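Notes to accompany the following structure.
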Amino acid sequence: MTDDRSMFRTWWRDPVDYRGLVETFESHGALGRFKFMLGAGGLVMLLIAVLASVAQGDVAGWVGQVQGGVEATVAGLWTLRWWFLPWPREAESIAWIVIFDIDTTANDLLVHDRVVGVLGVVLLTAMGAYVTVFHGPRVLALHVGWTILTSVVLAFLMFRGELADSTRSTQDAASRQPQDLALGLAVVLVMLVVVGVMLPFVQFCHWLLRADAQSDPLTGLLNRRGLDSYLSSHIVHCRQESAYVATLDMDRFKAVNDTFGHPFGDEVLTRTAQRLREAVESDALIARTGGEEFVIVGCLREDAAAVGERLRSAIETMPDLPLPITASVGIAVLEGTRTTSSDDVATYRRLLRRSDSAMYRAKRRGGNAVAIAGQDEPPPARLRRKPAGVPEIRPVSTSDDLGLSSGSLGPPA
């Protein structure tokens, strides 16, 4: 039960990578088709608004006619926006959802025909499908709550007899009330099942499959795709603080696999993942990005060297192993100055490269060491100058470069 609660809590708190999702669809050539279909949905809404106005005739009054015009205008703008402009940013997408929900509900409550009102609630279900795919569970929960509230108010209006029913026009209001109440309750129950159960179920399954694709099956950590996906949300999380990226690589791990076998190597990797979870702050991202390489992204709340030393020590002190396991750690630090999210993502990518370079410097020191990017780094080769009067020495090709075996001047065996 605890695992189930933890899983659903993780789903509820999951920050959906809206931009990453859009980029994924774009990379597969599906974004253009999605834009066309969403714009076509606006045309359908426009047609429904016109047909509803015709169906009600003069019964709706001038208020209903104005609301019908507003709905048609929103539908037309929706179509033009999707067909002729780039895919919206996340904030604009949410704004369109809010506009659509308010406009559709207003139309449902101002109409004078129950059939037209129920059609409007169905349109809210269609918007729920869009929210399910492109936004997180909290946005979906707000939309679901709004849709069910609209259904309840619509059912109440049916019960009060304020929505016309041409099929039973000869019956008096008192005799229609039981049927109206039953119909209203049926509408609410249908929306509870479709919107309140099915849409969250679909979104949860979508999240579960996505989380599985972004995690490492051996250690349960993020993989490289998962790290890229969650990076944007973590940038926002650390926006007011300095941040760090640490790259950790196990020392001479191939020899461990060759000596003790791959099952033992897998156990070491699994235990390494657990030690890293214990060594870093709870809000840090931890990913296994290669065979024996791990990346940690976190908010810097102490000295970077202390973070690196804690990571290094966590690996060195793993108990109950037949041989000592060590790791080399490289850390790059970003001060708490941010501009836009896109700039932040590019900056983090540079930090990943710098921490990787620092990790290799730690390896060149013999391993089981920590190196901080920007500290004790040799200057780039293009900045080094040879002393005046010293002739340039060109490197001579080694026997390996010439295809010769080491220690032999003859042809390779």
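Just remember, in the structure tokens the first chain shown is A, the second B, etc., residues are 1-based per chain, and ligands are 1-based in the order shown.
Of all the residues in range 134-271 of chain A, the ones DSSP labels as strand (DSSP E or B) from the backbone are A:Ala164, A:Ser215, A:Leu222, A:Ala243, A:Tyr244, A:Val245, A:Ala246, A:Thr247, A:Leu248, A:Asp249, A:Met250.
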Keeping only N, CA, C and O atoms, write those residues as a PDB file, in the first residue's frame.
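For reference, again-v4.pdb as written:
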```pdb
ATOM      1  N   ALA A 164     -35.614  23.636 -21.979  1.00  0.00           N
ATOM      2  CA  ALA A 164     -36.773  23.134 -22.704  1.00  0.00           C
ATOM      3  C   ALA A 164     -36.536  21.722 -23.218  1.00  0.00           C
ATOM      4  O   ALA A 164     -35.407  21.312 -23.492  1.00  0.00           O
ATOM      5  N   SER A 215      13.679   5.704 -17.294  1.00  0.00           N
ATOM      6  CA  SER A 215      14.405   5.201 -16.130  1.00  0.00           C
ATOM      7  C   SER A 215      15.314   4.047 -16.522  1.00  0.00           C
ATOM      8  O   SER A 215      15.076   3.347 -17.512  1.00  0.00           O
ATOM      9  N   LEU A 222      17.094   7.703 -13.141  1.00  0.00           N
ATOM     10  CA  LEU A 222      16.815   8.234 -14.466  1.00  0.00           C
ATOM     11  C   LEU A 222      17.882   7.757 -15.444  1.00  0.00           C
ATOM     12  O   LEU A 222      19.040   7.550 -15.067  1.00  0.00           O
ATOM     13  N   ALA A 243      23.645  26.092  -8.432  1.00  0.00           N
ATOM     14  CA  ALA A 243      23.376  24.695  -8.763  1.00  0.00           C
ATOM     15  C   ALA A 243      24.685  24.026  -9.150  1.00  0.00           C
ATOM     16  O   ALA A 243      25.673  24.681  -9.473  1.00  0.00           O
ATOM     17  N   TYR A 244      24.682  22.709  -9.095  1.00  0.00           N
ATOM     18  CA  TYR A 244      25.874  21.959  -9.482  1.00  0.00           C
ATOM     19  C   TYR A 244      25.491  20.770 -10.348  1.00  0.00           C
ATOM     20  O   TYR A 244      24.364  20.263 -10.287  1.00  0.00           O
ATOM     21  N   VAL A 245      26.424  20.361 -11.169  1.00  0.00           N
ATOM     22  CA  VAL A 245      26.320  19.119 -11.932  1.00  0.00           C
ATOM     23  C   VAL A 245      27.549  18.294 -11.602  1.00  0.00           C
ATOM     24  O   VAL A 245      28.677  18.770 -11.746  1.00  0.00           O
ATOM     25  N   ALA A 246      27.347  17.079 -11.127  1.00  0.00           N
ATOM     26  CA  ALA A 246      28.455  16.184 -10.778  1.00  0.00           C
ATOM     27  C   ALA A 246      28.416  14.966 -11.694  1.00  0.00           C
ATOM     28  O   ALA A 246      27.368  14.344 -11.871  1.00  0.00           O
ATOM     29  N   THR A 247      29.560  14.651 -12.285  1.00  0.00           N
ATOM     30  CA  THR A 247      29.704  13.434 -13.082  1.00  0.00           C
ATOM     31  C   THR A 247      30.594  12.471 -12.308  1.00  0.00           C
ATOM     32  O   THR A 247      31.702  12.836 -11.889  1.00  0.00           O
ATOM     33  N   LEU A 248      30.100  11.260 -12.111  1.00  0.00           N
ATOM     34  CA  LEU A 248      30.817  10.255 -11.316  1.00  0.00           C
ATOM     35  C   LEU A 248      31.016   9.009 -12.172  1.00  0.00           C
ATOM     36  O   LEU A 248      30.059   8.509 -12.777  1.00  0.00           O
ATOM     37  N   ASP A 249      32.239   8.534 -12.231  1.00  0.00           N
ATOM     38  CA  ASP A 249      32.549   7.339 -13.022  1.00  0.00           C
ATOM     39  C   ASP A 249      33.345   6.361 -12.162  1.00  0.00           C
ATOM     40  O   ASP A 249      34.314   6.752 -11.495  1.00  0.00           O
ATOM     41  N   MET A 250      32.915   5.088 -12.157  1.00  0.00           N
ATOM     42  CA  MET A 250      33.602   4.068 -11.359  1.00  0.00           C
ATOM     43  C   MET A 250      34.999   3.817 -11.917  1.00  0.00           C
ATOM     44  O   MET A 250      35.206   3.767 -13.139  1.00  0.00           O
TER      45      MET A 250
END
```
Practice prompt. Find the residues around range 35-47 of chain A up to 10 Å (only C-alpha atoms counted), leave out those fewer than 3 positions away in its own chain, and share them as number ranges by chain.
Written response: A: 30-32, 50-53, 68-69, 71-87, 104, 120, 123, 126-127, 130
Fill in: Those of range 5-122 of chain A in DSSP helix (DSSP H, G or I), formatted as a ChimeraX atom specification
/A:5-13,18-27,31-56,61-84,90-110,114-122
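With distances restricted to only C-alpha atoms, A:Tyr230 is the closest residue to Asp17 in chain A from A:Trp207, A:Tyr230, A:Phe100, A:Phe264.
Here CA of Val268 in chain A is placed at a distance of 9.1 Å from CA of Met318 in chain A.
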Practice prompt. Using only C-alpha atoms, determine which residues lie at most 10 Å from Val195 in chain A, disregarding the query and same-chain residues fewer than 3 positions distant; provide the list as a ChimeraX atom specification.
Written response: /A:122,124-126,128-129,140-141,143-145,147-148,189-192,198-201
Okay, now the selection with all heavy atoms, as a short mmCIF file (atom, residue, chain, number, x, y, z; two decimals), in the first residue's frame?
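Below you can see selection08.cif, which holds the result:
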```
data_model
loop_
_atom_site.label_atom_id
_atom_site.label_comp_id
_atom_site.auth_asym_id
_atom_site.auth_seq_id
_atom_site.Cartn_x
_atom_site.Cartn_y
_atom_site.Cartn_z
N VAL A 122 -20.09 17.78 -23.62
CA VAL A 122 -19.26 16.85 -24.41
C VAL A 122 -18.02 17.56 -24.95
O VAL A 122 -16.93 16.99 -25.01
CB VAL A 122 -20.10 16.25 -25.56
CG1 VAL A 122 -19.23 15.43 -26.49
CG2 VAL A 122 -21.22 15.39 -24.99
N LEU A 124 -16.42 19.91 -23.44
CA LEU A 124 -15.48 19.97 -22.32
C LEU A 124 -14.71 18.66 -22.19
O LEU A 124 -13.53 18.65 -21.83
CB LEU A 124 -16.23 20.26 -21.02
CG LEU A 124 -16.78 21.69 -20.85
CD1 LEU A 124 -17.61 21.78 -19.58
CD2 LEU A 124 -15.64 22.70 -20.82
N THR A 125 -15.36 17.54 -22.51
CA THR A 125 -14.67 16.26 -22.51
C THR A 125 -13.58 16.22 -23.57
O THR A 125 -12.48 15.70 -23.34
CB THR A 125 -15.67 15.12 -22.75
OG1 THR A 125 -16.71 15.20 -21.78
CG2 THR A 125 -15.00 13.77 -22.65
N ALA A 126 -13.87 16.78 -24.74
CA ALA A 126 -12.88 16.82 -25.81
C ALA A 126 -11.66 17.64 -25.39
O ALA A 126 -10.51 17.24 -25.64
CB ALA A 126 -13.50 17.40 -27.08
N GLY A 128 -10.68 17.96 -22.40
CA GLY A 128 -10.01 17.14 -21.41
C GLY A 128 -9.02 16.18 -22.03
O GLY A 128 -7.97 15.87 -21.44
N ALA A 129 -9.31 15.68 -23.24
CA ALA A 129 -8.37 14.80 -23.92
C ALA A 129 -7.07 15.53 -24.24
O ALA A 129 -5.97 14.98 -24.10
CB ALA A 129 -9.00 14.25 -25.19
N LEU A 140 -5.11 18.77 -15.15
CA LEU A 140 -6.24 17.91 -15.49
C LEU A 140 -7.28 17.88 -14.36
O LEU A 140 -8.49 17.88 -14.62
CB LEU A 140 -5.76 16.49 -15.79
CG LEU A 140 -6.85 15.47 -16.15
CD1 LEU A 140 -7.60 15.91 -17.40
CD2 LEU A 140 -6.25 14.09 -16.33
N ALA A 141 -6.82 17.85 -13.11
CA ALA A 141 -7.75 17.83 -11.98
C ALA A 141 -8.61 19.09 -11.96
O ALA A 141 -9.83 19.02 -11.69
CB ALA A 141 -6.97 17.71 -10.67
N HIS A 143 -9.44 20.91 -14.59
CA HIS A 143 -10.38 20.81 -15.71
C HIS A 143 -11.50 19.81 -15.39
O HIS A 143 -12.67 20.07 -15.69
CB HIS A 143 -9.64 20.39 -16.98
CG HIS A 143 -10.54 20.19 -18.15
ND1 HIS A 143 -11.06 21.24 -18.88
CD2 HIS A 143 -11.03 19.05 -18.71
CE1 HIS A 143 -11.84 20.76 -19.84
NE2 HIS A 143 -11.84 19.43 -19.77
N VAL A 144 -11.16 18.68 -14.79
CA VAL A 144 -12.16 17.68 -14.43
C VAL A 144 -13.15 18.27 -13.42
O VAL A 144 -14.37 18.10 -13.54
CB VAL A 144 -11.49 16.42 -13.87
CG1 VAL A 144 -12.51 15.51 -13.20
CG2 VAL A 144 -10.76 15.66 -14.98
N GLY A 145 -12.63 18.95 -12.41
CA GLY A 145 -13.50 19.57 -11.42
C GLY A 145 -14.45 20.58 -12.05
O GLY A 145 -15.64 20.64 -11.71
N THR A 147 -15.47 20.64 -15.19
CA THR A 147 -16.42 19.93 -16.04
C THR A 147 -17.54 19.30 -15.22
O THR A 147 -18.72 19.39 -15.57
CB THR A 147 -15.70 18.86 -16.86
OG1 THR A 147 -14.67 19.46 -17.64
CG2 THR A 147 -16.66 18.12 -17.78
N ILE A 148 -17.19 18.66 -14.13
CA ILE A 148 -18.21 18.02 -13.28
C ILE A 148 -19.11 19.07 -12.63
O ILE A 148 -20.32 18.89 -12.52
CB ILE A 148 -17.53 17.12 -12.23
CG1 ILE A 148 -16.85 15.94 -12.93
CG2 ILE A 148 -18.55 16.63 -11.21
CD1 ILE A 148 -16.09 15.04 -12.00
N LEU A 189 -23.46 11.41 -13.81
CA LEU A 189 -22.76 10.13 -13.64
C LEU A 189 -21.93 9.78 -14.86
O LEU A 189 -20.81 9.27 -14.74
CB LEU A 189 -23.78 9.03 -13.36
CG LEU A 189 -24.49 9.09 -12.00
CD1 LEU A 189 -25.55 8.01 -11.89
CD2 LEU A 189 -23.48 8.97 -10.86
N VAL A 190 -22.45 10.09 -16.04
CA VAL A 190 -21.67 9.83 -17.26
C VAL A 190 -20.40 10.67 -17.27
O VAL A 190 -19.30 10.19 -17.60
CB VAL A 190 -22.53 10.12 -18.52
CG1 VAL A 190 -21.65 10.16 -19.76
CG2 VAL A 190 -23.60 9.05 -18.68
N MET A 191 -20.52 11.93 -16.88
CA MET A 191 -19.33 12.80 -16.86
C MET A 191 -18.35 12.35 -15.78
O MET A 191 -17.13 12.46 -15.95
CB MET A 191 -19.74 14.25 -16.64
CG MET A 191 -20.65 14.81 -17.72
SD MET A 191 -20.05 14.48 -19.40
CE MET A 191 -18.51 15.37 -19.39
N LEU A 192 -18.86 11.85 -14.66
CA LEU A 192 -17.96 11.33 -13.63
C LEU A 192 -17.13 10.16 -14.16
O LEU A 192 -15.93 10.06 -13.90
CB LEU A 192 -18.77 10.88 -12.41
CG LEU A 192 -19.20 11.96 -11.42
CD1 LEU A 192 -20.14 11.37 -10.38
CD2 LEU A 192 -17.98 12.59 -10.75
N MET A 198 -11.95 8.03 -16.54
CA MET A 198 -11.21 7.57 -17.72
C MET A 198 -10.04 8.48 -18.09
O MET A 198 -8.95 8.00 -18.39
CB MET A 198 -12.16 7.43 -18.91
CG MET A 198 -13.21 6.33 -18.74
SD MET A 198 -12.47 4.73 -18.31
CE MET A 198 -11.43 4.43 -19.73
N LEU A 199 -10.26 9.80 -18.06
CA LEU A 199 -9.16 10.70 -18.44
C LEU A 199 -7.98 10.62 -17.46
O LEU A 199 -6.83 10.51 -17.90
CB LEU A 199 -9.67 12.14 -18.56
CG LEU A 199 -10.61 12.41 -19.74
CD1 LEU A 199 -10.96 13.89 -19.81
CD2 LEU A 199 -10.00 11.95 -21.07
N PRO A 200 -8.20 10.66 -16.13
CA PRO A 200 -7.06 10.46 -15.23
C PRO A 200 -6.40 9.09 -15.41
O PRO A 200 -5.18 8.96 -15.29
CB PRO A 200 -7.68 10.61 -13.83
CG PRO A 200 -8.86 11.47 -14.04
CD PRO A 200 -9.40 11.08 -15.38
N PHE A 201 -7.21 8.06 -15.68
CA PHE A 201 -6.65 6.72 -15.90
C PHE A 201 -5.73 6.72 -17.12
O PHE A 201 -4.62 6.18 -17.08
CB PHE A 201 -7.78 5.71 -16.08
CG PHE A 201 -7.31 4.34 -16.48
CD1 PHE A 201 -6.71 3.49 -15.56
CD2 PHE A 201 -7.44 3.91 -17.79
CE1 PHE A 201 -6.27 2.23 -15.93
CE2 PHE A 201 -7.00 2.65 -18.18
CZ PHE A 201 -6.41 1.81 -17.25
#
```
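Checking A:Phe159, A:Phe260, A:Glu241, A:Lys363 one by one against Arg301 in chain A, counting only C-alpha atoms, you find the shortest gap at A:Glu241.
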Worksheet item: Hey, can you check how far CA of Asp266 in chain A sits from CA of Thr219 in chain A?
Response: 8.7 Å
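With only C-alpha atoms as the atoms that count, the minimum distance from Trp11 in chain A to the choices A:Leu109, A:Ala186, A:Ala211, A:Thr289 is reached by A:Ala211.
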Discussion item. For a quick check of understanding, using only C-alpha atoms, which of A:Pro322, A:Gly136, A:Pro263, A:Gly220 has the smallest distance to Ile286 in chain A?
Written reply: A:Gly220
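Distance check against Gly374 in chain A using only C-alpha atoms: of A:Thr132, A:Ala304, A:Ile315, A:Ala327, the minimum falls on A:Ala304.
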